[in-house]
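Asker: Next comes coords.cif, mmCIF, C-alpha atoms:
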data_final
loop_
_atom_site.label_atom_id
_atom_site.label_comp_id
_atom_site.auth_asym_id
_atom_site.auth_seq_id
_atom_site.Cartn_x
_atom_site.Cartn_y
_atom_site.Cartn_z
CA MET A 465 -10.22 -18.58 -26.90
CA SER A 466 -11.49 -15.42 -28.61
CA LEU A 467 -10.21 -11.97 -27.67
CA TRP A 468 -13.64 -10.88 -26.42
CA ARG A 469 -13.94 -13.93 -24.18
CA ARG A 470 -10.51 -13.16 -22.70
CA ILE A 471 -11.55 -9.57 -22.06
CA ILE A 472 -14.78 -10.69 -20.33
CA ILE A 473 -12.85 -13.16 -18.15
CA PHE A 474 -10.33 -10.46 -17.21
CA LEU A 475 -13.08 -7.97 -16.30
CA SER A 476 -14.69 -10.58 -14.04
CA ILE A 477 -11.36 -11.35 -12.34
CA MET A 478 -10.04 -7.76 -12.18
CA GLY A 479 -9.90 -6.09 -8.80
CA PRO A 480 -7.65 -7.59 -6.10
CA GLY A 481 -4.33 -6.80 -7.83
CA ILE A 482 -5.25 -3.28 -8.95
CA ILE A 483 -6.82 -2.34 -5.59
CA THR A 484 -4.03 -3.78 -3.42
CA ALA A 485 -1.21 -2.09 -5.34
CA ASN A 486 -2.99 1.26 -5.70
CA VAL A 487 -4.12 1.52 -2.10
CA ASP A 488 -0.50 1.02 -1.09
CA ASN A 489 -0.13 4.66 -2.24
CA ASP A 490 -1.82 5.72 0.99
CA ALA A 491 -1.10 8.78 3.13
CA SER A 492 2.31 7.42 4.23
CA GLY A 493 3.33 6.57 0.68
CA ILE A 494 2.25 9.92 -0.75
CA THR A 495 4.15 11.70 2.02
CA THR A 496 7.32 9.73 1.19
CA TYR A 497 7.10 10.53 -2.54
CA SER A 498 6.27 14.19 -1.88
CA VAL A 499 9.23 14.61 0.48
CA ALA A 500 11.54 12.80 -1.99
CA GLY A 501 10.61 15.19 -4.81
CA ALA A 502 10.75 18.33 -2.66
CA ARG A 503 14.17 17.54 -1.14
CA PHE A 504 16.03 15.92 -4.04
CA GLY A 505 14.18 16.95 -7.19
CA TYR A 506 14.17 14.24 -9.88
CA ALA A 507 17.19 12.45 -8.40
CA LEU A 508 15.17 9.62 -6.81
CA LEU A 509 12.97 8.80 -9.81
CA TRP A 510 15.22 5.91 -10.90
CA THR A 511 14.42 4.01 -7.67
CA LEU A 512 10.89 3.40 -9.02
CA ILE A 513 12.19 0.98 -11.69
CA PRO A 514 13.71 -1.63 -9.32
CA THR A 515 10.80 -1.02 -6.94
CA THR A 516 8.29 -1.90 -9.68
CA VAL A 517 10.20 -5.09 -10.54
CA ALA A 518 10.33 -6.12 -6.86
CA LEU A 519 6.62 -5.36 -6.38
CA VAL A 520 5.63 -7.42 -9.44
CA VAL A 521 7.72 -10.42 -8.30
CA VAL A 522 6.33 -10.44 -4.76
CA GLN A 523 2.68 -9.76 -5.65
CA GLU A 524 2.66 -12.35 -8.46
CA MET A 525 3.77 -15.10 -6.07
CA VAL A 526 1.20 -14.21 -3.44
CA ALA A 527 -1.62 -13.95 -6.00
CA ARG A 528 -0.64 -17.34 -7.45
CA MET A 529 -0.87 -18.93 -3.99
CA GLY A 530 -4.32 -17.44 -3.48
CA ALA A 531 -5.61 -18.75 -6.81
CA VAL A 532 -4.08 -22.24 -6.45
CA THR A 533 -4.91 -22.91 -2.77
CA GLY A 534 -8.06 -20.84 -2.30
CA LYS A 535 -6.63 -19.82 1.08
CA GLY A 536 -5.16 -16.68 2.61
CA LEU A 537 -1.47 -16.34 3.45
CA SER A 538 -2.16 -16.38 7.19
CA ASP A 539 -4.10 -19.63 6.76
CA LEU A 540 -1.14 -21.28 5.01
CA ILE A 541 1.41 -20.03 7.56
CA ARG A 542 -0.71 -21.41 10.44
CA GLU A 543 -1.23 -24.78 8.73
CA ASN A 544 2.44 -25.24 7.82
CA TYR A 545 4.36 -23.48 10.60
CA GLY A 546 2.09 -23.72 13.61
CA VAL A 547 -0.09 -21.42 15.69
CA ARG A 548 2.69 -19.98 17.87
CA SER A 549 4.79 -18.40 15.10
CA THR A 550 1.59 -17.21 13.40
CA PHE A 551 0.33 -15.61 16.63
CA PHE A 552 3.53 -13.61 17.20
CA MET A 553 3.56 -12.43 13.59
CA MET A 554 -0.10 -11.42 13.73
CA THR A 555 0.42 -9.49 16.97
CA ILE A 556 3.28 -7.43 15.52
CA LEU A 557 1.39 -6.90 12.28
CA PHE A 558 -1.72 -5.76 14.17
CA ILE A 559 0.26 -3.01 15.96
CA ALA A 560 1.96 -1.98 12.71
CA ASN A 561 -1.33 -1.87 10.81
CA PHE A 562 -2.99 0.13 13.56
CA GLY A 563 -0.25 2.76 13.21
CA THR A 564 -0.77 2.77 9.43
CA THR A 565 -4.52 3.23 9.91
CA VAL A 566 -3.87 6.20 12.22
CA ALA A 567 -1.56 7.67 9.55
CA ASN A 568 -4.32 7.34 6.96
CA PHE A 569 -6.89 9.08 9.17
CA ALA A 570 -4.28 11.78 9.83
CA GLY A 571 -3.94 12.22 6.06
CA TRP A 572 -7.73 12.44 5.69
CA ALA A 573 -7.95 15.01 8.51
CA ALA A 574 -5.12 17.13 7.06
CA SER A 575 -6.55 17.09 3.53
CA MET A 576 -10.00 18.09 4.82
CA GLU A 577 -8.56 20.98 6.85
CA ILE A 578 -6.63 22.44 3.90
CA LEU A 579 -9.85 22.22 1.87
CA GLY A 580 -11.58 24.26 4.57
CA PHE A 581 -13.44 21.58 6.57
CA SER A 582 -13.15 20.86 10.28
CA LYS A 583 -11.48 17.55 11.13
CA TYR A 584 -13.86 17.22 14.10
CA LEU A 585 -16.69 16.89 11.59
CA MET A 586 -14.96 15.11 8.69
CA VAL A 587 -13.03 12.41 10.59
CA PRO A 588 -16.17 10.93 12.26
CA LEU A 589 -18.05 11.31 8.94
CA GLY A 590 -15.30 9.57 6.94
CA ALA A 591 -15.00 6.79 9.55
CA SER A 592 -18.78 6.25 9.53
CA VAL A 593 -18.93 6.04 5.73
CA ILE A 594 -16.13 3.50 5.34
CA TRP A 595 -17.50 1.45 8.26
CA MET A 596 -20.95 1.29 6.64
CA ILE A 597 -19.49 0.38 3.22
CA VAL A 598 -17.75 -2.73 4.58
CA ILE A 599 -20.22 -3.79 7.28
CA LYS A 600 -23.34 -3.44 5.12
CA GLY A 601 -21.89 -4.08 1.65
CA SER A 602 -21.09 -7.31 -0.20
CA TYR A 603 -17.60 -8.13 -1.48
CA LYS A 604 -18.62 -7.17 -5.03
CA PHE A 605 -20.07 -3.84 -3.88
CA VAL A 606 -16.97 -2.96 -1.84
CA GLU A 607 -14.69 -3.95 -4.72
CA ARG A 608 -16.57 -1.73 -7.18
CA ILE A 609 -16.40 1.23 -4.79
CA LEU A 610 -12.65 0.71 -4.41
CA LEU A 611 -12.04 0.35 -8.15
CA VAL A 612 -13.92 3.59 -8.88
CA ALA A 613 -11.98 5.36 -6.11
CA CYS A 614 -8.71 4.09 -7.64
CA LEU A 615 -9.48 6.23 -10.71
CA LEU A 616 -9.05 9.37 -8.56
CA TYR A 617 -5.37 8.51 -8.18
CA PHE A 618 -4.91 9.77 -11.73
CA GLY A 619 -5.40 13.25 -10.28
CA TYR A 620 -1.70 13.04 -9.42
CA VAL A 621 -0.92 12.54 -13.12
CA LEU A 622 -2.84 15.73 -13.91
CA SER A 623 -1.04 17.69 -11.19
CA GLY A 624 2.30 16.44 -12.55
CA VAL A 625 1.47 17.59 -16.09
CA MET A 626 0.16 20.94 -14.83
CA ALA A 627 3.46 21.51 -13.00
CA LYS A 628 5.13 21.69 -16.47
CA PRO A 629 8.34 19.76 -15.71
CA ASN A 630 11.40 19.52 -17.93
CA TRP A 631 10.51 16.14 -19.44
CA ALA A 632 13.97 15.54 -20.90
CA GLU A 633 15.47 15.91 -17.44
CA VAL A 634 12.70 13.79 -15.92
CA PHE A 635 13.29 10.84 -18.25
CA LYS A 636 17.06 11.11 -17.92
CA SER A 637 16.77 10.92 -14.12
CA THR A 638 14.37 7.97 -14.40
CA ILE A 639 16.73 5.91 -16.56
CA ILE A 640 20.16 6.94 -15.25
CA PRO A 641 20.63 6.24 -11.52
CA GLN A 642 21.93 9.06 -9.35
CA ILE A 643 23.38 8.29 -5.93
CA LYS A 644 24.15 10.95 -3.36
CA TRP A 645 26.23 9.81 -0.38
CA ASN A 646 23.95 11.67 1.95
CA SER A 647 22.10 9.93 4.79
CA GLU A 648 18.79 11.63 3.99
CA PHE A 649 19.05 10.56 0.33
CA ILE A 650 19.82 6.96 1.32
CA VAL A 651 17.01 6.81 3.88
CA LEU A 652 14.48 8.20 1.37
CA SER A 653 15.67 5.70 -1.26
CA ILE A 654 15.01 2.85 1.15
CA ALA A 655 11.73 4.43 2.33
CA ILE A 656 10.41 4.47 -1.27
CA ILE A 657 10.85 0.70 -1.44
CA GLY A 658 9.60 0.24 2.12
CA THR A 659 6.40 2.20 1.54
CA THR A 660 5.72 0.38 -1.77
CA ILE A 661 6.14 -3.19 -0.51
CA THR A 662 4.49 -3.74 2.87
CA PRO A 663 3.47 -6.84 4.88
CA TRP A 664 -0.26 -6.06 4.89
CA MET A 665 -0.38 -6.04 1.08
CA GLN A 666 0.61 -9.69 0.85
CA PHE A 667 -2.09 -10.79 3.28
CA TYR A 668 -4.83 -8.63 1.76
CA LEU A 669 -4.11 -9.63 -1.86
CA GLN A 670 -4.15 -13.36 -1.16
CA SER A 671 -7.22 -13.15 1.08
CA SER A 672 -9.19 -11.08 -1.43
CA ILE A 673 -8.34 -13.52 -4.25
CA ALA A 674 -9.50 -16.39 -2.04
CA GLU A 675 -12.74 -14.62 -1.04
CA LYS A 676 -13.48 -13.66 -4.63
CA GLY A 677 -13.21 -17.34 -5.56
CA ILE A 678 -10.55 -16.95 -8.26
CA ARG A 679 -9.36 -20.44 -9.28
CA LYS A 680 -6.04 -21.60 -10.69
CA GLU A 681 -7.67 -21.99 -14.13
CA GLU A 682 -8.29 -18.23 -14.07
CA TYR A 683 -4.84 -17.35 -12.80
CA LYS A 684 -3.52 -15.84 -16.06
CA ALA A 685 -6.20 -13.15 -15.88
CA SER A 686 -5.46 -12.62 -12.18
CA ARG A 687 -1.74 -12.25 -12.94
CA LEU A 688 -2.54 -9.54 -15.50
CA ASP A 689 -4.61 -7.78 -12.82
CA VAL A 690 -1.52 -7.84 -10.55
CA PHE A 691 0.81 -6.56 -13.29
CA ILE A 692 -1.52 -3.68 -14.19
CA GLY A 693 -1.93 -2.73 -10.51
CA CYS A 694 1.84 -2.71 -9.90
CA GLY A 695 2.40 -0.62 -13.02
CA ILE A 696 -0.27 1.94 -12.14
CA THR A 697 0.85 2.37 -8.52
CA ASN A 698 4.39 3.30 -9.54
CA ILE A 699 3.20 5.58 -12.37
CA ILE A 700 1.25 7.49 -9.70
CA ALA A 701 4.35 7.58 -7.46
CA PHE A 702 6.35 8.87 -10.43
CA PHE A 703 3.99 11.82 -10.97
CA ILE A 704 3.86 12.70 -7.26
CA ILE A 705 7.67 12.96 -7.21
CA VAL A 706 7.65 14.93 -10.49
CA THR A 707 5.04 17.39 -9.17
CA CYS A 708 6.98 18.21 -6.01
CA ALA A 709 10.37 18.11 -7.75
CA THR A 710 9.21 20.64 -10.36
CA THR A 711 7.45 23.07 -8.03
CA LEU A 712 8.96 22.78 -4.55
CA PHE A 713 12.57 21.68 -5.07
CA PRO A 714 13.70 24.76 -7.11
CA GLN A 715 12.24 27.02 -4.41
CA GLY A 716 14.05 25.16 -1.63
CA ILE A 717 10.74 24.41 0.10
CA ARG A 718 11.18 21.57 2.61
CA ILE A 719 8.10 19.62 3.63
CA ASN A 720 7.39 16.81 6.07
CA GLU A 721 3.80 15.94 5.11
CA ALA A 722 1.86 15.45 1.87
CA SER A 723 -0.66 18.08 3.01
CA GLU A 724 2.18 20.64 3.17
CA ALA A 725 2.98 19.77 -0.45
CA ALA A 726 -0.61 20.48 -1.47
CA LEU A 727 -0.56 23.89 0.29
CA ALA A 728 2.81 24.80 -1.22
CA LEU A 729 1.51 24.00 -4.72
CA LYS A 730 -1.17 26.69 -4.52
CA PRO A 731 1.00 29.75 -5.24
CA LEU A 732 3.43 27.82 -7.46
CA ALA A 733 1.20 25.70 -9.70
CA GLY A 734 -2.22 27.29 -9.23
CA ASN A 735 -5.51 26.48 -7.53
CA TYR A 736 -6.34 23.53 -9.79
CA ALA A 737 -3.08 21.69 -9.05
CA PHE A 738 -3.57 22.39 -5.34
CA LEU A 739 -7.16 21.09 -5.38
CA ILE A 740 -6.30 17.98 -7.39
CA PHE A 741 -3.39 17.13 -5.08
CA ALA A 742 -5.46 17.70 -1.93
CA ILE A 743 -8.51 15.73 -3.16
CA SER A 744 -6.26 12.87 -4.32
CA LEU A 745 -4.64 12.80 -0.87
CA ALA A 746 -8.07 12.65 0.79
CA ASN A 747 -9.13 9.80 -1.50
CA ALA A 748 -5.90 7.85 -0.93
CA SER A 749 -6.12 8.30 2.85
CA LEU A 750 -9.70 7.08 3.04
CA LEU A 751 -8.97 4.07 0.81
CA GLY A 752 -6.02 3.17 3.02
CA ALA A 753 -8.27 3.51 6.06
CA ILE A 754 -10.61 0.91 4.50
CA ILE A 755 -8.09 -1.62 3.22
CA VAL A 756 -5.51 -1.81 6.04
CA PRO A 757 -8.11 -2.63 8.75
CA LEU A 758 -9.71 -5.10 6.30
CA ALA A 759 -6.35 -6.80 5.74
CA THR A 760 -5.90 -6.97 9.52
CA SER A 761 -9.32 -8.59 10.00
CA TYR A 762 -8.58 -11.14 7.28
CA TYR A 763 -5.22 -12.34 8.55
CA ILE A 764 -6.14 -12.45 12.26
CA CYS A 765 -9.29 -14.47 11.56
CA GLU A 766 -7.40 -16.78 9.20
CA ALA A 767 -4.69 -17.31 11.83
CA MET A 768 -7.28 -18.14 14.51
CA GLY A 769 -9.54 -20.20 12.26
CA TRP A 770 -12.49 -17.80 12.63
CA GLU A 771 -15.13 -17.03 10.02
CA ARG A 772 -14.21 -14.05 7.86
CA GLY A 773 -15.16 -12.14 4.75
CA VAL A 774 -16.95 -9.00 3.63
CA ASN A 775 -19.83 -11.17 2.41
CA LYS A 776 -20.45 -12.35 5.97
CA THR A 777 -22.77 -10.61 8.42
CA PHE A 778 -21.90 -9.48 11.95
CA LYS A 779 -23.67 -12.60 13.23
CA GLU A 780 -21.81 -14.95 10.86
CA ALA A 781 -18.33 -13.46 11.37
CA PRO A 782 -18.39 -11.43 14.61
CA GLN A 783 -14.60 -11.45 15.17
CA PHE A 784 -13.92 -10.25 11.60
CA MET A 785 -16.40 -7.39 11.90
CA TRP A 786 -15.34 -6.39 15.43
CA ILE A 787 -11.64 -6.22 14.54
CA TYR A 788 -12.47 -3.98 11.57
CA THR A 789 -14.78 -1.82 13.74
CA PHE A 790 -12.23 -1.53 16.57
CA MET A 791 -9.48 -0.32 14.23
CA ILE A 792 -11.69 2.24 12.49
CA VAL A 793 -13.21 3.65 15.68
CA THR A 794 -10.02 3.74 17.77
CA ALA A 795 -7.79 5.20 15.03
CA SER A 796 -10.30 7.93 14.16
CA LEU A 797 -10.78 8.86 17.84
CA LEU A 798 -6.99 9.15 18.33
CA ILE A 799 -6.84 11.76 15.55
CA LEU A 800 -9.32 13.91 17.47
CA ILE A 801 -7.46 13.79 20.81
CA PRO A 802 -5.18 16.82 21.30
CA GLY A 803 -1.63 15.74 22.13
CA ALA A 804 -2.14 12.08 21.15
CA PRO A 805 1.20 10.37 20.33
CA LEU A 806 0.51 10.14 16.60
CA VAL A 807 4.12 10.56 15.46
CA LEU A 808 5.28 7.82 17.84
CA LEU A 809 2.61 5.46 16.51
CA MET A 810 3.54 6.17 12.89
CA VAL A 811 7.26 5.66 13.53
CA LEU A 812 6.54 2.45 15.44
CA SER A 813 4.38 1.29 12.54
CA SER A 814 7.21 1.88 10.03
CA VAL A 815 9.74 0.06 12.23
CA LEU A 816 7.49 -2.96 12.82
CA ASN A 817 6.61 -3.18 9.12
CA GLY A 818 10.30 -3.06 8.26
CA LEU A 819 11.16 -5.78 10.79
CA LEU A 820 8.29 -8.03 9.73
CA LEU A 821 8.57 -7.73 5.94
CA PRO A 822 11.59 -10.09 5.49
CA PHE A 823 9.87 -12.82 7.55
CA VAL A 824 6.60 -12.51 5.60
CA LEU A 825 8.45 -12.72 2.28
CA ILE A 826 10.55 -15.71 3.37
CA TYR A 827 7.38 -17.52 4.49
CA ALA A 828 5.74 -16.69 1.14
CA LEU A 829 8.74 -17.99 -0.84
CA SER A 830 8.91 -21.16 1.21
CA LEU A 831 5.19 -21.83 0.73
CA VAL A 832 5.15 -21.08 -3.00
CA ASN A 833 7.94 -23.62 -3.52
CA ASN A 834 6.15 -26.37 -1.58
CA ARG A 835 4.84 -28.93 -4.11
CA LYS A 836 2.37 -30.36 -1.60
CA ILE A 837 0.69 -26.95 -1.53
CA MET A 838 1.28 -25.62 -5.03
CA GLY A 839 1.60 -28.75 -7.22
CA ASP A 840 2.81 -27.74 -10.68
CA TYR A 841 2.48 -24.05 -9.79
CA VAL A 842 5.70 -23.85 -7.76
CA ASN A 843 8.31 -21.32 -8.88
CA PRO A 844 10.51 -22.45 -11.77
CA TRP A 845 14.28 -22.36 -11.12
CA SER A 846 14.81 -19.09 -13.01
CA TYR A 847 11.96 -17.40 -11.17
CA ASN A 848 13.38 -18.55 -7.84
CA VAL A 849 16.70 -16.87 -8.63
CA ILE A 850 14.89 -13.57 -9.26
CA SER A 851 12.55 -14.07 -6.28
CA TRP A 852 15.23 -14.90 -3.72
CA GLY A 853 17.42 -12.07 -5.03
CA THR A 854 14.51 -9.63 -4.73
CA VAL A 855 13.51 -10.82 -1.26
CA SER A 856 17.14 -10.75 -0.04
CA ALA A 857 17.57 -7.17 -1.28
CA ILE A 858 14.28 -6.07 0.30
CA ALA A 859 15.25 -7.74 3.60
CA VAL A 860 18.60 -5.93 3.71
CA LEU A 861 16.97 -2.60 2.84
CA ALA A 862 14.23 -3.17 5.45
CA ILE A 863 16.89 -3.73 8.13
CA PHE A 864 18.72 -0.54 7.08
CA PHE A 865 15.42 1.37 7.13
CA VAL A 866 14.66 0.20 10.68
CA ILE A 867 18.18 1.18 11.86
CA ALA A 868 17.95 4.58 10.15
CA THR A 869 14.51 5.20 11.68
CA LEU A 870 15.59 4.27 15.19
CA VAL A 871 19.04 5.91 15.00
CA PRO A 872 18.82 8.88 12.57
CA LEU A 873 22.13 9.51 10.82
CA LYS A 874 23.84 12.90 10.87
CA VAL A 875 24.10 14.61 7.49
#
Could you render the structure as structure tokens?

Answerer:
Amino acid sequence: MSLWRRIIIFLSIMGPGIITANVDNDASGITTYSVAGARFGYALLWTLIPTTVALVVVQEMVARMGAVTGKGLSDLIRENYGVRSTFFMMTILFIANFGTTVANFAGWAASMEILGFSKYLMVPLGASVIWMIVIKGSYKFVERILLVACLLYFGYVLSGVMAKPNWAEVFKSTIIPQIKWNSEFIVLSIAIIGTTITPWMQFYLQSSIAEKGIRKEEYKASRLDVFIGCGITNIIAFFIIVTCATTLFPQGIRINEASEAALALKPLAGNYAFLIFAISLANASLLGAIIVPLATSYYICEAMGWERGVNKTFKEAPQFMWIYTFMIVTASLLILIPGAPLVLLMVLSSVLNGLLLPFVLIYALSLVNNRKIMGDYVNPWSYNVISWGTVSAIAVLAIFFVIATLVPLKV
């Protein structure tokens, strides 16, 4: 096969892997990376290397299942493990994803306010736009919009360069692990992994591959799409940490939100760095607000055997469209209600995601090793060693993250 033909095939396949991995850098993820850089400087950069490896391993397996079976992960769990276990998992995941959607609208509202716009105008406007894109658009149209929006993530690379870090120190911290026996350091280390590998990602990636019609013969191109997406998402995370570590950490500025990081950058790194960081946060929040409700619609409809897909109309897939609409409308309205329990919802979302992640990954590993489902595309022995090791480590870290979130440790 000629090089040009391979490039054309890749361009036709490209999308699900890059979009899924990049959108995982949503408002919650950006907040985690910003706080990590502001509180511990470059010390947590090394965690991105094992996180990238873990993300590649998990996403590759899920993408392979989507290409080989032509079905979503929720479909396969229901068919092989029954409706009851699927229903309980979907219920927990729905609550967790709703909290994540609220967090993304909160990020959109905060970024708009620091740019000088009223959230009471911009939240309904943003919600209306992303609702129209999915309800009225085709899968190809939505995918193109998302791919173009993914380019805006590189604004974080620009803000990192403009912060003028000490690159020798940056690369040293990236390669040589530093461990501080400090509860906040440990919790942030786990949170970086927890915010990078989430349950909804696995469902969305496999469902989007199935809806796009990617076949097992095209899997090599799809795998490259996954690898590129995983690489880009952690490069962006790297530059977010670098930006805040270079500008905020030396000044002892403690932050709790990504929007606070953007505001703090203004006097330290200039208006351009501030604008780039704020606009990138707005973009990431809105993308997260599209994808997480979409993922929720996919897996609930798969679990219940209902029609689903962005290519469907409201009449053809009413449950799919109503679930998406409900999440968008309700989450955006919550942001506008004074005194709404937003923090409680976000914490609950993190806890539920942490509790659910090990189960989702164990299901995925079990399914990908089932020859009746995967045929010759099951994991080889060597890959299983890496996969089970990765999943076991993530499961242990997820449990620690849940404990640390529910029972904060004293420093």

Asker: So, counting all atoms listed in the file, which residue among A:Val842, A:Ile483, A:Ala726, A:Leu739 is closest to Ile692 in chain A?

Answerer: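 Using all atoms listed in the file, Ile692 in chain A sits closest to A:Ile483.
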
Asker: Could you list, as a list in words, every residue matched by the PyMOL selection byres ((chain A and resi 708-717) around 8) in this structure?

Answerer: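 For this structure, the PyMOL selection byres ((chain A and resi 708-717) around 8) resolves to Ser498, Val499, Ala500, Gly501, Ala502, Arg503, Phe504, Gly505, Tyr506, Ala627, Lys628, Pro629, Asn630, Ile704, Ile705, Val706, Thr707, Arg718, Ile719, Ala725, Ala728, Leu729, Leu732 and Ala733 of chain A.
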
Asker: Specify as a list in words each residue included when the PyMOL selection byres ((chain A and resi 783) around 10) is applied to this file.

Answerer: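 This file, filtered by the PyMOL selection byres ((chain A and resi 783) around 10), leaves Ser761, Tyr762, Ile764, Cys765, Met768, Trp770, Glu771, Arg772, Phe778, Lys779, Glu780, Ala781, Pro782, Phe784, Met785, Trp786, Ile787, Tyr788 and Thr789 of chain A.
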
Asker: Could the residues in this selection be written to a file with C-alpha atoms, as a PDB file, keeping the file's coordinate frame?

Answerer:
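So the final result, stored in result-v1.pdb, reads:
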ATOM      1  CA  SER A 761      -9.320  -8.590  10.000  1.00  0.00           C
ATOM      2  CA  TYR A 762      -8.580 -11.140   7.280  1.00  0.00           C
ATOM      3  CA  ILE A 764      -6.140 -12.450  12.260  1.00  0.00           C
ATOM      4  CA  CYS A 765      -9.290 -14.470  11.560  1.00  0.00           C
ATOM      5  CA  MET A 768      -7.280 -18.140  14.510  1.00  0.00           C
ATOM      6  CA  TRP A 770     -12.490 -17.800  12.630  1.00  0.00           C
ATOM      7  CA  GLU A 771     -15.130 -17.030  10.020  1.00  0.00           C
ATOM      8  CA  ARG A 772     -14.210 -14.050   7.860  1.00  0.00           C
ATOM      9  CA  PHE A 778     -21.900  -9.480  11.950  1.00  0.00           C
ATOM     10  CA  LYS A 779     -23.670 -12.600  13.230  1.00  0.00           C
ATOM     11  CA  GLU A 780     -21.810 -14.950  10.860  1.00  0.00           C
ATOM     12  CA  ALA A 781     -18.330 -13.460  11.370  1.00  0.00           C
ATOM     13  CA  PRO A 782     -18.390 -11.430  14.610  1.00  0.00           C
ATOM     14  CA  PHE A 784     -13.920 -10.250  11.600  1.00  0.00           C
ATOM     15  CA  MET A 785     -16.400  -7.390  11.900  1.00  0.00           C
ATOM     16  CA  TRP A 786     -15.340  -6.390  15.430  1.00  0.00           C
ATOM     17  CA  ILE A 787     -11.640  -6.220  14.540  1.00  0.00           C
ATOM     18  CA  TYR A 788     -12.470  -3.980  11.570  1.00  0.00           C
ATOM     19  CA  THR A 789     -14.780  -1.820  13.740  1.00  0.00           C
TER      20      THR A 789
END

Asker: So, with all atoms listed in the file as the atoms that count, which of A:Ile594, A:Leu825, A:Ile867, A:Val532 lies closest to Val855 in chain A?

Answerer: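 Closest candidate: A:Leu825.
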
Asker: Every residue with an atom at most 12 Å from (11.5, 1.0, 0.8) (file coordinates; all atoms listed in the file) is what I'm after, so could you write them as JSON, numbers by chain?

Answerer: {"A": [492, 493, 496, 497, 511, 512, 514, 515, 516, 518, 519, 650, 651, 652, 653, 654, 655, 656, 657, 658, 659, 660, 661, 662, 663, 814, 815, 817, 818, 821, 857, 858, 859, 860, 861, 862, 863, 864, 865, 866, 868]}

Asker: Skipping near chain neighbours, those fewer than 6 positions away, what residues fall within 7 Å of Ser637 in chain A using only C-alpha atoms, listed as a list in words?

Answerer: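 My list of contacting residues is Tyr506, Ala507, Leu509 and Trp510 of chain A.
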
Asker: Name all residues at most 12 Å from Leu616 in chain A (count all atoms listed in the file; drop same-chain ones fewer than 5 positions away) and give them as a PyMOL selection string.

Answerer: chain A and resi 486-487+489+609-611+621-623+700+740-751

Asker: What does the distance between CA of Asn834 in chain A and CA of Met478 in chain A come to in Å, to one decimal place?

Answerer: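 Separation between CA of Asn834 in chain A and CA of Met478 in chain A: 26.8 Å.
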
Asker: Decode the PyMOL selection byres ((chain A and resi 606) around 12) for the given file into explicit residues and return them as a PyMOL selection string.

Answerer: chain A and resi 479-480+483+593-605+607-613+672+676+751+754-755+758+773-775

Asker: Using all atoms listed in the file, can you tell me which of A:Asn843, A:Asn848, A:Asn561, A:Thr533 comes closest to Gln670 in chain A?

Answerer: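 Ranked by minimum distance to Gln670 in chain A, first place goes to A:Thr533.
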
Asker: Distance table requested - range 758-845 of chain A against range 543-553 of chain A, cut-off 10 Å, only C-alpha atoms: one row per qualifying residue with the closest atom pair and its distance in Å to one decimal, ordered by chain and rising residue number, as a Markdown table.

Answerer:
| residue | atom | partner | partner_atom | distance |
| --- | --- | --- | --- | --- |
| A:Tyr763 | CA | A:Thr550 | CA | 9.7 |
| A:Ile764 | CA | A:Phe551 | CA | 8.4 |
| A:Glu766 | CA | A:Thr550 | CA | 9.9 |
| A:Ala767 | CA | A:Thr550 | CA | 6.5 |
| A:Met768 | CA | A:Val547 | CA | 8.0 |
| A:Leu820 | CA | A:Met553 | CA | 7.5 |
| A:Phe823 | CA | A:Met553 | CA | 8.7 |
| A:Val824 | CA | A:Met553 | CA | 8.5 |
| A:Tyr827 | CA | A:Tyr545 | CA | 9.1 |
| A:Leu831 | CA | A:Asn544 | CA | 8.3 |
| A:Ile837 | CA | A:Asn544 | CA | 9.7 |

Asker: Looking at only C-alpha atoms, which of A:Ser592, A:Met576, A:Tyr617, A:Met529 is the one that sits closest to Arg679 in chain A?

Answerer: A:Met529

Asker: Figure out the distance between CA of Gly571 in chain A and CA of Ala491 in chain A, please, to one decimal in Å.

Answerer: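 Separation between CA of Ala491 in chain A and CA of Gly571 in chain A: 5.3 Å.
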
Asker: Hey, which of A:Glu675, A:Ser856, A:Pro822, A:Leu727 ends up closest to Gly580 in chain A? Count all atoms listed in the file.

Answerer: A:Leu727

Asker: For CA of Gly769 in chain A and CA of Ile792 in chain A, determine how far apart the two atoms are, in Å to one decimal place.

Answerer: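 CA of Ile792 in chain A lies at a distance of 22.5 Å from CA of Gly769 in chain A.
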
Asker: For a quick check of understanding, using all atoms listed in the file, which of A:Phe562, A:Phe649, A:Tyr620, A:Tyr584 has the smallest distance to Leu809 in chain A?

Answerer: A:Phe562
